[in-house]
Protein chains: 2
Amino acid sequence: MPKAARNIGLRDVARVAGVSTATVSRAMNNPETVSEELRARIASVVDHLGWVPHGAARALATRRTGTIGAVFPTLTHGDFARAIQALQHELSKSGYTLLLACSEYNPKQEYEQVRKLIERGVDAIVLVGEAHHPDVSGLIQKNNIPHVNTFVYNPETHGTCVGPDNRKALYKLTNYLIELGHRSFGIVAQTAENNDRAQARLDGVRDALAEKSIAIQPRHFAQGHWGINEGRQLFRRILESKPWPTAVLCGNAYLSVGAVLESQAMGIKVPEDMSIVGYDDIEMMSELPVPITTVRVLSDEVGRRTARLLVAKIENKPIGLDLECDAEIVVRKSSGPAKA
Amino acid sequence: MPKAARNIGLRDVARVAGVSTATVSRAMNNPETVSEELRARIASVVDHLGWVPHGAARALATRRTGTIGAVFPTLTHGDFARAIQALQHELSKSGYTLLLACSEYNPKQEYEQVRKLIERGVDAIVLVGEAHHPDVSGLIQKNNIPHVNTFVYNPETHGTCVGPDNRKALYKLTNYLIELGHRSFGIVAQTAENNDRAQARLDGVRDALAEKSIAIQPRHFAQGHWGINEGRQLFRRILESKPWPTAVLCGNAYLSVGAVLESQAMGIKVPEDMSIVGYDDIEMMSELPVPITTVRVLSDEVGRRTARLLVAKIENKPIGLDLECDAEIVVRKSSGPAKA
DNA sequence: TTGTAAGCGTTATCAT
DNA sequence: ATGATAACGCTTACAA
């Protein structure tokens, strides 16, 4: 147990200022209901004593903590990091603070984190994706906590999600390649395990191909996680035997960077011999010798809108906000017409 | 104001289980002091009622929140993100949660964030660097909160910092280049404004050069922030007029990637015509066609050790831990002997 | 406009 | 081993 150093409290301020505790409290939270004179006197005492209100006590009394909980799969992906930063920035404008946790793509861990966050009394919860541990939604419901699923948009669950429509995005991207004449595709996919967004993107590709009766050969399909080196390996595996696909779709930014770097190392001409496209837009993709065609989602925008949506929910205000974020195809040099 | 839905509380559990509130509390926090029978009965009631303890109330009673506050300049730099993730992971093992804020390299904002964190009752605080707003240390001291400065190591402030010795790291790196015969240096520096680590690194370079009476020509010194594109521009600016330096030191990973990509675009042979080195090690640096020599700091390790140090401080345990993190020079193809 | 006093949901100190 | 009960520091009816 820590020392018993009685700290400065509201009562001390009240005593020194010669007013009641209620007045000090009001002076802090509803200044307009306190006479100017007292307000000034109290302010100076607060300053002089260096009093910092005790959040837990306030939380206990108001039943609100001013704290928002977020569980992200990882913080090291640039898009999540940007979203978190924007989320944090926007929330702090409204006086909220971010309580951050990390699930490491593990649903059980996500559940535990959510539980902990609720215990900490968060006023709302932010998650990524719509696929969660079966008990998560029950937990959130039971405690009656506003929540938002990010990086997904699903018309059927409107109002609870903010992000791009992953399926639609890759449906569009695939059709763009089909229009360029491509008929043979390779996929360097991000594993869809515990990742409904990756799954949705894969579905988008498959839907688009199915409409043209194009099938993907098993040997042209490779799955991995994340990382330039992994992208290289998977890309190489797809090209193990000929004939090669004329277009390769990559599941995320880093996989696509790896694929393009490997293609260069192998002496493949991109896009003349082969088109390579990615998902997500990180700076590197436009700076490489062969800039990479990709889908750009403004992650900061996801974060910002999530923040606004949350605040609206917490404060029971109307949601005047478009919850579907654009997923724009950015055409760069790595894609072109299919080789004749 | 939110609805008044009286929630399930400790008293409800006590009532249903037919014991006192004190016993329930004990059963939760010191199970060994409660008879097996009651413990089981209480556990089942807790489960059945779906009771989640109220953190704020607990915090009010114990004067501890189980929450650690951290203020980082940004979350989008890979090294910070990794450190935060490791920090979070390690802290959660000991039952702590991370309250995260972002200063955006703005000291005043950092101060505000620290203040807010203290108000939220954090048990300890994590900052980056040792240069803070003048009032920060007073605030922390006054509230008697354990704190750690990360990504710095300074023997003079031992026990309050965890990280690499930035000055020493670049002193070593510079000497490595000097030993390769380089005498004319260019610097693509990270601006040192509000960034004592960048300053320390710059000092390391200058100290090493000064020992050999080497001066840097003003036109060979460029300063920027972060980003591949910025690295390109600054690199190009340094090469505006001849003679060129034979070695270019870059202030961070992205600046060095930009420099190397630009050197390739300009047809400069690296390392034959020029050596280029960076600081920090991100995956891309080893995957580029010309892998980049750099200084590797294990940011996860910084995060992990910070967590352990904090927990030790909070719980008044001895610190059995090396607080200086290695900064290892990783030699790759981008550096070599100076051109004759 | 200001003061009084009853909570808010736990923990911890006493007794028993 | 268990129970009563006083904190913990603030907010907020309700009274004045």
# chains A, B, ... in the order shown; residues from 1 in each chain; ligands from 1
$ residues_around --residues "DT12 (chain D)" --least-positions-apart "2" --cutoff "9 Å" --atoms "only C-alpha atoms (C1' of nucleotides)" --output "count of residues only"
3
$ interface_residues --of "chain C" --to "chain A" --cutoff "10 Å" --atoms "only C-alpha atoms (C1' of nucleotides)" --output "number ranges by chain"
C: 1-4, 7-10
$ closest_atom_pairs --of "chain D" --to "chain A" --cutoff "6 Å" --atoms "only C-alpha atoms (C1' of nucleotides)" --output "CSV"
residue,atom,partner,partner_atom,distance
D:DG9,C1',A:Ala57,CA,5.0
D:DC10,C1',A:Arg58,CA,4.9
D:DT11,C1',A:Ala61,CA,5.5
$ select_by_dssp --residues "region 51-245 of chain B" --states "alpha helix (DSSP H)" --output "PyMOL selection string"
chain B and resi 55-62+78-93+107-119+134-142+166-179+196-211+228-238
$ residues_around --residues "Val257 (chain B)" --least-positions-apart "2" --cutoff "9 Å" --atoms "only C-alpha atoms (C1' of nucleotides)" --output "list in words"
Gly227, Ile228, Asn229, Gly231, Arg232, Cys250, Asn252, Ala253, Tyr254, Leu255, Ala259, Val260, Leu261, Glu262, Gly278, Met284, Met285, Leu288 and Ile292 of chain B
$ select_by_dssp --residues "region 78-212 of chain A" --states "strand (DSSP E or B)" --output "list in words"
Thr97, Leu98, Leu99, Leu100, Ala101, Cys102, Ala124, Ile125, Val126, Leu127, Val128, His147, Val148, Asn149, Thr150, Cys161, Val162, Gly163, Phe185, Gly186, Ile187, Val188, Ala189 and Gln190 of chain A
$ closest_residue --among "B:Tyr176, B:Val188, B:Leu117, B:Asp207" --to "Gly66 (chain A)" --atoms "only C-alpha atoms"
B:Leu117
$ atom_distance --atom1 "CA of Leu309 (chain A)" --atom2 "CA of His77 (chain A)"
23.2 Å
$ closest_residue --among "A:Thr76, A:Ser263, A:Ser241, A:Ser213" --to "chain B" --atoms "only C-alpha atoms"
A:Thr76
$ atom_distance --atom1 "CA of Gly69 (chain B)" --atom2 "CA of Cys161 (chain A)"
27.9 Å
$ residues_around --residues "Lys116 (chain B)" --least-positions-apart "6" --cutoff "10 Å" --atoms "only C-alpha atoms (C1' of nucleotides)" --output "list in words"
Val52, Pro53, Gly55, Ser92, Gly95, Tyr96 and Thr97 of chain A; Gly69, Ala101, Glu110 and Val122 of chain B
$ write_last_selection --atoms "N, CA, C and O atoms" --output "CSV table (one decimal), in the first residue's frame"
chain,number,residue,atom,x,y,z
A,52,VAL,N,-5.4,19.6,-8.7
A,52,VAL,CA,-5.9,18.9,-9.9
A,52,VAL,C,-7.0,18.0,-9.5
A,52,VAL,O,-6.9,17.2,-8.6
A,53,PRO,N,-8.2,18.2,-10.1
A,53,PRO,CA,-9.4,17.4,-9.6
A,53,PRO,C,-9.1,15.9,-9.7
A,53,PRO,O,-8.3,15.4,-10.6
A,55,GLY,N,-10.0,12.5,-10.9
A,55,GLY,CA,-10.8,11.9,-11.9
A,55,GLY,C,-11.7,10.8,-11.4
A,55,GLY,O,-12.9,10.8,-11.8
A,92,SER,N,-9.8,14.4,-28.1
A,92,SER,CA,-9.3,15.3,-27.1
A,92,SER,C,-10.0,16.7,-27.2
A,92,SER,O,-10.1,17.5,-26.3
A,95,GLY,N,-12.7,16.7,-25.1
A,95,GLY,CA,-12.4,16.4,-23.7
A,95,GLY,C,-12.3,14.9,-23.3
A,95,GLY,O,-12.3,14.6,-22.2
A,96,TYR,N,-12.2,14.1,-24.3
A,96,TYR,CA,-12.1,12.7,-24.1
A,96,TYR,C,-10.6,12.2,-24.2
A,96,TYR,O,-9.8,12.8,-25.0
A,97,THR,N,-10.3,11.1,-23.5
A,97,THR,CA,-9.0,10.6,-23.6
A,97,THR,C,-9.1,9.1,-24.1
A,97,THR,O,-10.0,8.5,-23.8
B,69,GLY,N,-0.1,6.4,-18.0
B,69,GLY,CA,-0.2,7.4,-19.0
B,69,GLY,C,1.0,7.5,-19.9
B,69,GLY,O,2.1,7.4,-19.4
B,101,ALA,N,-1.6,9.4,-25.2
B,101,ALA,CA,-1.9,10.7,-25.7
B,101,ALA,C,-0.7,11.1,-26.7
B,101,ALA,O,0.3,10.4,-26.7
B,110,GLU,N,2.1,18.7,-25.0
B,110,GLU,CA,2.6,17.7,-24.1
B,110,GLU,C,2.2,18.0,-22.7
B,110,GLU,O,1.7,17.1,-21.9
B,122,VAL,N,-3.5,8.6,-13.5
B,122,VAL,CA,-2.6,7.6,-13.9
B,122,VAL,C,-1.6,7.3,-12.7
B,122,VAL,O,-1.2,8.2,-12.0
$ closest_residue --among "A:Asp12, A:Glu32, A:Asp326, A:Asp79" --to "chain B" --atoms "only C-alpha atoms"
A:Asp79
$ decode --residues "chain D" --atoms "N, CA and C atoms (P, O5', C5', C4', C3', O3' and C1' of nucleotides)" --output "mmCIF file, in the first residue's frame"
data_model
loop_
_atom_site.group_PDB
_atom_site.id
_atom_site.type_symbol
_atom_site.label_atom_id
_atom_site.label_comp_id
_atom_site.auth_asym_id
_atom_site.auth_seq_id
_atom_site.Cartn_x
_atom_site.Cartn_y
_atom_site.Cartn_z
ATOM 1 P P DA D 1 -8.870 -17.820 7.756
ATOM 2 O "O5'" DA D 1 -10.438 -17.730 7.605
ATOM 3 C "C5'" DA D 1 -11.270 -18.851 7.589
ATOM 4 C "C4'" DA D 1 -12.643 -18.334 7.874
ATOM 5 C "C3'" DA D 1 -13.247 -17.501 6.746
ATOM 6 O "O3'" DA D 1 -14.646 -17.765 6.702
ATOM 7 C "C1'" DA D 1 -13.061 -16.167 8.699
ATOM 8 P P DT D 2 -15.560 -17.141 5.635
ATOM 9 O "O5'" DT D 2 -16.111 -15.865 6.363
ATOM 10 C "C5'" DT D 2 -17.289 -15.977 7.150
ATOM 11 C "C4'" DT D 2 -17.579 -14.664 7.826
ATOM 12 C "C3'" DT D 2 -18.185 -13.590 6.938
ATOM 13 O "O3'" DT D 2 -19.576 -13.532 7.234
ATOM 14 C "C1'" DT D 2 -16.652 -12.710 8.553
ATOM 15 P P DG D 3 -20.468 -12.500 6.415
ATOM 16 O "O5'" DG D 3 -20.452 -11.264 7.441
ATOM 17 C "C5'" DG D 3 -20.815 -11.490 8.795
ATOM 18 C "C4'" DG D 3 -20.866 -10.171 9.534
ATOM 19 C "C3'" DG D 3 -21.576 -9.044 8.791
ATOM 20 O "O3'" DG D 3 -22.323 -8.288 9.742
ATOM 21 C "C1'" DG D 3 -19.369 -8.386 9.300
ATOM 22 P P DA D 4 -23.529 -7.364 9.270
ATOM 23 O "O5'" DA D 4 -23.279 -6.047 10.129
ATOM 24 C "C5'" DA D 4 -21.983 -5.704 10.425
ATOM 25 C "C4'" DA D 4 -21.858 -4.474 11.293
ATOM 26 C "C3'" DA D 4 -22.542 -3.198 10.805
ATOM 27 O "O3'" DA D 4 -22.538 -2.263 11.885
ATOM 28 C "C1'" DA D 4 -20.252 -3.188 10.205
ATOM 29 P P DT D 5 -23.112 -0.775 11.601
ATOM 30 O "O5'" DT D 5 -21.866 0.007 10.983
ATOM 31 C "C5'" DT D 5 -20.653 0.071 11.735
ATOM 32 C "C4'" DT D 5 -19.664 0.973 11.020
ATOM 33 C "C3'" DT D 5 -20.296 2.145 10.254
ATOM 34 O "O3'" DT D 5 -19.423 3.245 10.376
ATOM 35 C "C1'" DT D 5 -18.959 0.960 8.810
ATOM 36 P P DA D 6 -19.929 4.707 10.446
ATOM 37 O "O5'" DA D 6 -18.577 5.542 10.341
ATOM 38 C "C5'" DA D 6 -17.426 5.110 11.070
ATOM 39 C "C4'" DA D 6 -16.196 5.206 10.195
ATOM 40 C "C3'" DA D 6 -16.045 6.547 9.474
ATOM 41 O "O3'" DA D 6 -14.672 6.901 9.479
ATOM 42 C "C1'" DA D 6 -16.075 4.815 7.891
ATOM 43 P P DA D 7 -14.199 8.338 9.050
ATOM 44 O "O5'" DA D 7 -14.890 8.510 7.609
ATOM 45 C "C5'" DA D 7 -14.192 9.180 6.587
ATOM 46 C "C4'" DA D 7 -13.062 8.315 6.057
ATOM 47 C "C3'" DA D 7 -12.554 8.860 4.732
ATOM 48 O "O3'" DA D 7 -11.149 8.803 4.702
ATOM 49 C "C1'" DA D 7 -13.487 6.672 4.432
ATOM 50 P P DC D 8 -10.339 9.974 4.019
ATOM 51 O "O5'" DC D 8 -10.423 9.680 2.453
ATOM 52 C "C5'" DC D 8 -9.769 8.569 1.872
ATOM 53 C "C4'" DC D 8 -10.249 8.409 0.451
ATOM 54 C "C3'" DC D 8 -10.640 9.724 -0.219
ATOM 55 O "O3'" DC D 8 -9.539 10.177 -0.992
ATOM 56 C "C1'" DC D 8 -12.172 7.916 -0.741
ATOM 57 P P DG D 9 -9.052 11.705 -0.786
ATOM 58 O "O5'" DG D 9 -9.941 12.496 -1.847
ATOM 59 C "C5'" DG D 9 -9.812 12.176 -3.217
ATOM 60 C "C4'" DG D 9 -10.937 12.811 -3.988
ATOM 61 C "C3'" DG D 9 -11.132 14.306 -3.736
ATOM 62 O "O3'" DG D 9 -11.338 14.908 -4.996
ATOM 63 C "C1'" DG D 9 -13.148 13.195 -3.383
ATOM 64 P P DC D 10 -11.529 16.453 -5.202
ATOM 65 O "O5'" DC D 10 -12.956 16.493 -5.898
ATOM 66 C "C5'" DC D 10 -13.119 15.845 -7.137
ATOM 67 C "C4'" DC D 10 -14.535 15.374 -7.305
ATOM 68 C "C3'" DC D 10 -15.555 16.479 -7.607
ATOM 69 O "O3'" DC D 10 -15.845 16.465 -9.000
ATOM 70 C "C1'" DC D 10 -16.385 14.818 -6.070
ATOM 71 P P DT D 11 -16.748 17.636 -9.584
ATOM 72 O "O5'" DT D 11 -18.208 17.040 -9.345
ATOM 73 C "C5'" DT D 11 -18.607 15.934 -10.116
ATOM 74 C "C4'" DT D 11 -20.055 15.594 -9.808
ATOM 75 C "C3'" DT D 11 -21.080 16.647 -10.237
ATOM 76 O "O3'" DT D 11 -22.177 15.923 -10.772
ATOM 77 C "C1'" DT D 11 -21.339 16.187 -7.951
ATOM 78 P P DT D 12 -23.247 16.663 -11.685
ATOM 79 O "O5'" DT D 12 -24.533 16.669 -10.752
ATOM 80 C "C5'" DT D 12 -24.797 15.532 -9.922
ATOM 81 C "C4'" DT D 12 -25.957 15.857 -8.998
ATOM 82 C "C3'" DT D 12 -26.840 17.010 -9.462
ATOM 83 O "O3'" DT D 12 -28.157 16.751 -9.011
ATOM 84 C "C1'" DT D 12 -25.938 17.533 -7.391
ATOM 85 P P DA D 13 -29.344 16.742 -10.040
ATOM 86 O "O5'" DA D 13 -30.301 17.858 -9.671
ATOM 87 C "C5'" DA D 13 -31.307 18.037 -8.832
ATOM 88 C "C4'" DA D 13 -31.563 17.122 -7.671
ATOM 89 C "C3'" DA D 13 -32.658 17.705 -6.806
ATOM 90 O "O3'" DA D 13 -33.451 16.702 -6.201
ATOM 91 C "C1'" DA D 13 -30.564 17.805 -5.655
ATOM 92 P P DC D 14 -34.928 17.082 -5.741
ATOM 93 O "O5'" DC D 14 -34.637 17.999 -4.473
ATOM 94 C "C5'" DC D 14 -33.981 17.419 -3.344
ATOM 95 C "C4'" DC D 14 -33.694 18.507 -2.338
ATOM 96 C "C3'" DC D 14 -34.799 19.569 -2.197
ATOM 97 O "O3'" DC D 14 -35.138 19.669 -0.830
ATOM 98 C "C1'" DC D 14 -32.674 20.588 -2.429
ATOM 99 P P DA D 15 -36.367 20.580 -0.394
ATOM 100 O "O5'" DA D 15 -35.614 21.535 0.626
ATOM 101 C "C5'" DA D 15 -34.190 21.564 0.571
ATOM 102 C "C4'" DA D 15 -33.608 22.440 1.644
ATOM 103 C "C3'" DA D 15 -34.492 23.570 2.167
ATOM 104 O "O3'" DA D 15 -34.026 23.944 3.451
ATOM 105 C "C1'" DA D 15 -32.805 24.470 0.762
ATOM 106 P P DA D 16 -34.622 25.254 4.157
ATOM 107 O "O5'" DA D 16 -33.622 26.411 3.716
ATOM 108 C "C5'" DA D 16 -32.315 26.463 4.293
ATOM 109 C "C4'" DA D 16 -31.647 27.738 3.841
ATOM 110 C "C3'" DA D 16 -32.451 29.014 4.155
ATOM 111 O "O3'" DA D 16 -31.573 29.985 4.685
ATOM 112 C "C1'" DA D 16 -31.863 28.983 1.904
#
